[in-house]
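Below: one structure, written as structure tokens.
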Amino acid sequence: MSEDDTLPPFLEGRTVLLIEDDGRIAEEIVGELTGRGFNVHHEETGNAGLDAALRGEADVMVVDRLLPGCDGLSVIETMRQQGIRAPVLVLSALSAVDDRVTGLKAGGDDYLTKPFAMEELVARIEALLRRPDDTRNTRLRAGPLEMDLIERRVWRDGREIDLLPREFRLLEYLMRRPSQVLTRSMLLEDVWQYRFIPRTNLVDVHIGKLRRKVDAPGEEPLIQSIRGTGFQLRVSD
Amino acid sequence: MALAAMAGVMLMQFGLVYAQMEAVESRRSTELLQGEAELLAQMSPEHLEYVIRRRATDDLRLIINSAGLFDAGHALIAGDLHTWPKGLLADGKPHNIEIYPEEGAAYPLRLLAVTLPDHTILVLGRSFHLLAEQKFMLRHAMLVAAVPTFLFALFLGVALSHRALSRVKEMHEAIDRIMAGDIHERLPANRERDDLERLAGSVNRMLDRLEHLMDGMRAVGNDIAHDLRTPLSRVRAKLERAQSGERDPEQLEAAIGRAVDDLDQCLGIITALLRIAEIENSRRMAGFAQVRLRALMDDVFDLYEPIAEMEDKKLQALPSAAEGLVWGDRHLLIELLANLVDNAIKFTPEGGSIVLDVQQKDDAILLVVTDTGTGIAPEERQNVLSRFYRSDKSRHVPGSGLGLSLVCAIAHLHDASVKIESGPNGRGTCFSIAFPALVPA
């Protein structure tokens with residue numbers, strides 16, 4: 001495990017409630033999350049999971065779509081009716097065309113199709129635990145970067161950066177999530193609203209073009225690649 | 001059952017012959033009696049009396065069995081009828097009357113009485129013994145005929161049903177062999193002369209189609225195995241080498257990274273296959289709504305332009321494109337176009353160009369992707385749409401080989417057709433997807 005894998009201090013010790021009936025997958029997930037400093041509570045059935053959720057100890061939940069005895073979605077629905085607001089990541093072996101939509105409608109906040117990479121899972125859990133900066137502010141600031149959302153202009157330490165609309169959108173997404181690991185599929189889904197794209201290096205090309213404009217030669221690189229995972233706008237607050 | 005029906009038919013046949021025979025005999029005897037009476041009435045009374053007396057030796061007896069000449073008071077003048085038959089009317093019409101002779105049993109006669117000009121009455125009678133004889137013969141014939149007829153029918157029935165049953169049995173055996181796994185076996189259909197053979201012919205054609213499909217599936221299965229085995233064996237080799245040899249952390253990490261990349265390729269193939277199956281099986285169109293293909297084309301252009309530029313290829317979305325309103329699933333349609341564009345970029349050499357367009361043609365909306373790439377030979381155009389097909393010249397290009405199958409599956413779900421042609425000037429490839437146009441409500 002490299003230093004990239006350690007959690008930012010504010011995520012240390014946060015509780016993840018995992019409701020998953022497949023023992024081996026659960027073991028992998030528990031191992032990975034515990035290793036990264038999360039506090040993981042694992043339940044195998046929908047009912048036990050629901051009880052645990054209703055006790056309100058979880059900061060974030062990972063719920064398998066298909067559970068013995070009941071549907072993962074009904075657990076989420078019941079829990080939401082009882083006023084539990086913890087964000088939920090739905091796991092599913094199905095990727096049916098409208099399955100994702102039903103998953104999100106039932107009260108899930110994100111949806112991940114099996115098989116997935118552990119980095120993807122961790123990045124999404126982290127994203128759910130951080131609230132993106134969705135302020136109505138018309139000016140965003142992240143490290144040396146400043147963005148005017150009305151005039152659609154960006155500066156780095158006072159130097160204006162000339163961006164295409166698609167590059168502007170991508171940078172805005174990054175600036176709302178500073179220092180957060182963002183996977184390629186998160187970027188595709190959130191910035192472009194695409195899900196199944198034949199090759200994922202598309203995102204790398206877009207990031208590459210943006211990086212060349214944001215990080216001028218001699219400047220400290222802000223947009224970092226994280227091997228095997230994705231990208232990060234690294235700024236010190 | 002069949003035997004009872006046959007017996008019924010036979011009885012009915014005999015009954016009809018019987019009735020017909022009776023009617024014919026009755027008509028014949030009436031004609032004979034009337035003809036004879038007319039002939040005799042023209043004779044002089046003396047001569048007639050003589051004839052009647054002599055009739056015992058006359059040939060008249062053969063046709064007219066009894067005769068009598070009576071006076072007006074019904075008293076016998078001459079003849080072999082001793083008394084006036086009871087109830088006989090002298091009206092010149094035949095009557096069937098019972099005769100009671102002086103000795104012996106009563107017998108029926110068909111009698112006809114005519115009043116002559118001298119008021120004597122001529123009575124002629126014809127017995128029924130001929131009819132009785134014929135009836136007897138007929139009954140006899142029926143009995144005699146019934147036995148061989150029944151036997152013959154029985155034999156014929158058994159033989160025919162045995163033949164039919166043996167054909168059904170042959171079919172059963174053929175089906176058993178097919179079910180046991182011999183899918184090349186066919187039912188005996190010969191030249192399809194009857195219903196059974198025509199049915200067998202239909203079943204055979206169905207089996208041909210299934211065998212063809214199974215061959216296709218088997219080929220797909222083999223292709224999957226091949227396409228998965230290559231990266232998996234690479235992973236295995238890398239991990240094995242890492243385990244036995246180099247312990248340098250950096251090299252180890254690089255080896256693990258490459259192994260993960262290979263595994264990702266395997267997962268990509270599996271995901272694409274599942275995705276195709278999912279789209280092909282999807283009959284639900286819950287996610288369907290109005291989609292503007294032009295806007296979709298601009299989005300895909302926006303996503304792919306940087307990569308085309310990086311690879312020194314020119315990606316263009318025609319500004320003259322029609323709006324292209326269709327009914328569909330936006331995400332799937334993006335996937336379709338993204339696959340086409342991805343494919344076009346892959347097979348276009350550096351310096352080439354890829355053009356995207358949306359056209360309105362009559363009541364169809366065409367989504368057109370034209371490239372200046374290697375092109376697809378006409379005989380290969382159908383194949384490239386099937387799973388895992390790669391022409392030899394594209395073997396070196398990485399990819400799951402499933403992109404165009406996915407395009408087909410999505411197009412099919414949208415009632416759209418996929419056409420592959422040569423690009424302008426016969427170079428490159430032009431994919432056009434024809435959607436049914438949506439008329440704005």
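The chains in the structure tokens are called A, B, ... from first to last as shown; in each chain the residues are counted from 1, and the ligands are counted from 1 in the order shown.
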- Task: Could you find all residues in region 213-371 of chain B that DSSP calls helix (DSSP H, G or I) from the backbone, and write them as a ChimeraX atom specification?
- Result: /B:213-244,249-281,293-310,330-346
Next item on the list: Write out as a PyMOL selection string all residues of region 223-398 of chain B that DSSP puts in strand (DSSP E or B) for this structure's backbone.
Entry: chain B and resi 289-292+314-317+325-328+353-361+364-371
Those same residues, written as a compact mmCIF listing (two decimals), in the first residue's frame with C-alpha atoms?
# COMPACT_ATOMS: atom_id res chain seq x y z
CA ALA B 289 -37.92 9.16 -24.84
CA GLN B 290 -37.47 11.72 -27.60
CA VAL B 291 -33.81 11.99 -28.51
CA ARG B 292 -32.27 14.60 -30.80
CA LYS B 314 -9.55 14.91 -38.14
CA LEU B 315 -12.96 14.33 -36.48
CA GLN B 316 -15.73 16.46 -37.93
CA ALA B 317 -19.43 16.89 -37.12
CA LEU B 325 -35.74 13.48 -33.73
CA VAL B 326 -36.03 9.77 -32.87
CA TRP B 327 -37.61 7.64 -30.15
CA GLY B 328 -34.95 5.92 -28.08
CA SER B 353 -10.62 12.03 -41.32
CA ILE B 354 -13.88 10.87 -39.76
CA VAL B 355 -17.12 12.71 -40.57
CA LEU B 356 -20.33 12.53 -38.50
CA ASP B 357 -23.67 13.50 -39.98
CA VAL B 358 -27.40 13.24 -39.35
CA GLN B 359 -29.67 13.22 -42.41
CA GLN B 360 -33.42 13.24 -42.84
CA LYS B 361 -34.41 11.01 -45.74
CA ALA B 364 -36.05 7.78 -41.97
CA ILE B 365 -33.34 9.48 -39.95
CA LEU B 366 -29.83 8.46 -40.91
CA LEU B 367 -26.92 8.62 -38.51
CA VAL B 368 -23.84 8.46 -40.72
CA VAL B 369 -20.20 7.88 -39.78
CA THR B 370 -17.78 8.04 -42.70
CA ASP B 371 -14.05 7.43 -42.40
Polymer residues at most 12 Å from region 7-20 of chain B, only C-alpha atoms, same-chain spacing of 5 or more positions, as a PyMOL selection string:
chain B and resi 1-2+25-27+131-132+134-143+145-147+149-151+153-154
With the cut-off set at 7 Å and counting only C-alpha atoms, tabulate each residue of chain B with an atom at most that distance from an atom of chain A, showing the nearest atom pair and its distance in Å to one decimal, ordered by chain and increasing number, as a tab-separated table.
residue	atom	partner	partner_atom	distance
B:Glu278	CA	A:Ala96	CA	6.4
B:Gly287	CA	A:Asp98	CA	6.4
B:Pro306	CA	A:Val205	CA	6.5
B:Ile307	CA	A:Val205	CA	6.0
B:His331	CA	A:Tyr194	CA	6.8
B:Glu335	CA	A:Phe196	CA	6.2
B:Ala338	CA	A:Ile197	CA	6.7
B:Asn339	CA	A:Pro198	CA	6.3
Using N, CA and C atoms, can you write the selected residues to a file as a PDB file, in the first residue's frame?
ATOM      1  N   GLU B 278     -27.649  -8.447 -22.546  1.00  0.00           N
ATOM      2  CA  GLU B 278     -28.632  -7.659 -21.808  1.00  0.00           C
ATOM      3  C   GLU B 278     -29.477  -6.805 -22.757  1.00  0.00           C
ATOM      4  N   GLY B 287     -36.794   3.227 -20.693  1.00  0.00           N
ATOM      5  CA  GLY B 287     -35.947   4.409 -20.754  1.00  0.00           C
ATOM      6  C   GLY B 287     -36.120   5.216 -22.037  1.00  0.00           C
ATOM      7  N   PRO B 306     -10.700  15.410 -28.817  1.00  0.00           N
ATOM      8  CA  PRO B 306      -9.314  15.473 -28.344  1.00  0.00           C
ATOM      9  C   PRO B 306      -8.502  14.238 -28.700  1.00  0.00           C
ATOM     10  N   ILE B 307      -9.122  13.064 -28.590  1.00  0.00           N
ATOM     11  CA  ILE B 307      -8.346  11.844 -28.845  1.00  0.00           C
ATOM     12  C   ILE B 307      -8.030  11.730 -30.331  1.00  0.00           C
ATOM     13  N   HIS B 331     -28.794   7.037 -23.522  1.00  0.00           N
ATOM     14  CA  HIS B 331     -27.528   6.426 -23.115  1.00  0.00           C
ATOM     15  C   HIS B 331     -27.099   5.339 -24.094  1.00  0.00           C
ATOM     16  N   GLU B 335     -23.908   5.220 -26.666  1.00  0.00           N
ATOM     17  CA  GLU B 335     -23.022   4.060 -26.704  1.00  0.00           C
ATOM     18  C   GLU B 335     -22.845   3.584 -28.144  1.00  0.00           C
ATOM     19  N   ALA B 338     -20.748   6.208 -29.982  1.00  0.00           N
ATOM     20  CA  ALA B 338     -19.390   6.196 -29.449  1.00  0.00           C
ATOM     21  C   ALA B 338     -18.627   4.990 -29.991  1.00  0.00           C
ATOM     22  N   ASN B 339     -19.300   3.845 -30.079  1.00  0.00           N
ATOM     23  CA  ASN B 339     -18.644   2.651 -30.612  1.00  0.00           C
ATOM     24  C   ASN B 339     -18.281   2.831 -32.078  1.00  0.00           C
TER      25      ASN B 339
END
Original post:
Which residues come within 12 Å of region 52-56 of chain A, counting only C-alpha atoms, excluding same-chain residues fewer than 3 positions away, as a ChimeraX atom specification?
Top reply: /A:15-19,40-49,59-63,75-88
Contacts of Thr138 (chain A) at 10 Å or less, counting only C-alpha atoms, minus same-chain residues fewer than 4 places along, as a list of chain:residue names?
-> A:Met147, A:Asp148, A:Leu149, A:Ile150, A:Glu151, A:Arg152
Please save N, CA and C atoms of the selected residues as a PDB file, in the first residue's frame.
ATOM      1  N   MET A 147     -12.177  30.635 -10.154  1.00  0.00           N
ATOM      2  CA  MET A 147     -13.066  30.445 -11.307  1.00  0.00           C
ATOM      3  C   MET A 147     -14.287  31.326 -11.161  1.00  0.00           C
ATOM      4  N   ASP A 148     -14.612  32.050 -12.237  1.00  0.00           N
ATOM      5  CA  ASP A 148     -15.828  32.867 -12.254  1.00  0.00           C
ATOM      6  C   ASP A 148     -16.874  32.127 -13.082  1.00  0.00           C
ATOM      7  N   LEU A 149     -17.947  31.675 -12.409  1.00  0.00           N
ATOM      8  CA  LEU A 149     -18.931  30.832 -13.091  1.00  0.00           C
ATOM      9  C   LEU A 149     -19.866  31.633 -13.990  1.00  0.00           C
ATOM     10  N   ILE A 150     -19.975  32.923 -13.730  1.00  0.00           N
ATOM     11  CA  ILE A 150     -20.862  33.745 -14.564  1.00  0.00           C
ATOM     12  C   ILE A 150     -20.146  34.111 -15.867  1.00  0.00           C
ATOM     13  N   GLU A 151     -18.930  34.610 -15.692  1.00  0.00           N
ATOM     14  CA  GLU A 151     -18.198  35.049 -16.885  1.00  0.00           C
ATOM     15  C   GLU A 151     -17.448  33.912 -17.573  1.00  0.00           C
ATOM     16  N   ARG A 152     -17.519  32.735 -16.965  1.00  0.00           N
ATOM     17  CA  ARG A 152     -16.835  31.552 -17.496  1.00  0.00           C
ATOM     18  C   ARG A 152     -15.337  31.835 -17.705  1.00  0.00           C
TER      19      ARG A 152
END
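Every protein or nucleic acid residue with an atom no more than 8 Å from region 24-38 of chain A, counting only C-alpha atoms and leaving out same-chain residues fewer than 2 positions away, appears here: A:Asp5, A:Thr6, A:Leu7, A:Leu11, A:Glu12, A:Gly13, A:Arg14, A:Thr15, A:Val16, A:Leu18, A:Glu20, A:Asp21, A:Asp22, A:Val40, A:His42, A:Met118, A:Val122.
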Based on the selection just made, write N, CA and C atoms of those residues as a CSV table (one decimal), in the first residue's frame.
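Okay, again-v7.csv is ready:
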chain,number,residue,atom,x,y,z
A,5,ASP,N,-2.7,5.7,-0.6
A,5,ASP,CA,-3.8,4.9,-0.2
A,5,ASP,C,-4.3,5.4,1.2
A,6,THR,N,-3.5,6.2,1.9
A,6,THR,CA,-4.0,6.6,3.3
A,6,THR,C,-5.1,7.6,3.1
A,7,LEU,N,-6.0,7.5,4.1
A,7,LEU,CA,-7.2,8.4,4.0
A,7,LEU,C,-6.8,9.8,4.5
A,11,LEU,N,-11.5,11.4,7.3
A,11,LEU,CA,-12.2,10.2,6.9
A,11,LEU,C,-11.9,9.0,7.9
A,12,GLU,N,-10.8,9.2,8.6
A,12,GLU,CA,-10.3,8.2,9.5
A,12,GLU,C,-11.3,7.8,10.5
A,13,GLY,N,-11.6,6.5,10.6
A,13,GLY,CA,-12.6,6.0,11.7
A,13,GLY,C,-14.0,6.2,11.3
A,14,ARG,N,-14.3,6.7,10.1
A,14,ARG,CA,-15.8,6.8,9.8
A,14,ARG,C,-16.3,5.4,9.6
A,15,THR,N,-17.6,5.2,9.9
A,15,THR,CA,-18.2,3.9,9.9
A,15,THR,C,-18.9,3.6,8.5
A,16,VAL,N,-18.5,2.5,8.0
A,16,VAL,CA,-19.2,2.0,6.7
A,16,VAL,C,-20.0,0.8,7.1
A,18,LEU,N,-21.8,-2.3,5.6
A,18,LEU,CA,-21.8,-3.1,4.4
A,18,LEU,C,-22.9,-4.2,4.5
A,20,GLU,N,-24.0,-7.2,2.4
A,20,GLU,CA,-23.6,-8.0,1.3
A,20,GLU,C,-23.6,-9.5,1.7
A,21,ASP,N,-24.3,-10.3,0.9
A,21,ASP,CA,-24.4,-11.7,1.3
A,21,ASP,C,-23.3,-12.6,0.7
A,22,ASP,N,-22.6,-12.2,-0.3
A,22,ASP,CA,-21.5,-13.0,-0.9
A,22,ASP,C,-20.3,-12.8,0.1
A,40,VAL,N,-15.5,-0.8,9.7
A,40,VAL,CA,-16.5,-1.4,8.9
A,40,VAL,C,-17.4,-2.3,9.7
A,42,HIS,N,-20.3,-5.2,9.0
A,42,HIS,CA,-20.8,-6.1,7.9
A,42,HIS,C,-22.0,-6.9,8.4
A,118,MET,N,-11.3,-2.2,-6.5
A,118,MET,CA,-11.5,-1.8,-5.1
A,118,MET,C,-11.2,-0.2,-5.1
A,122,VAL,N,-13.6,2.5,-3.2
A,122,VAL,CA,-13.1,3.4,-2.2
A,122,VAL,C,-13.3,4.9,-2.6
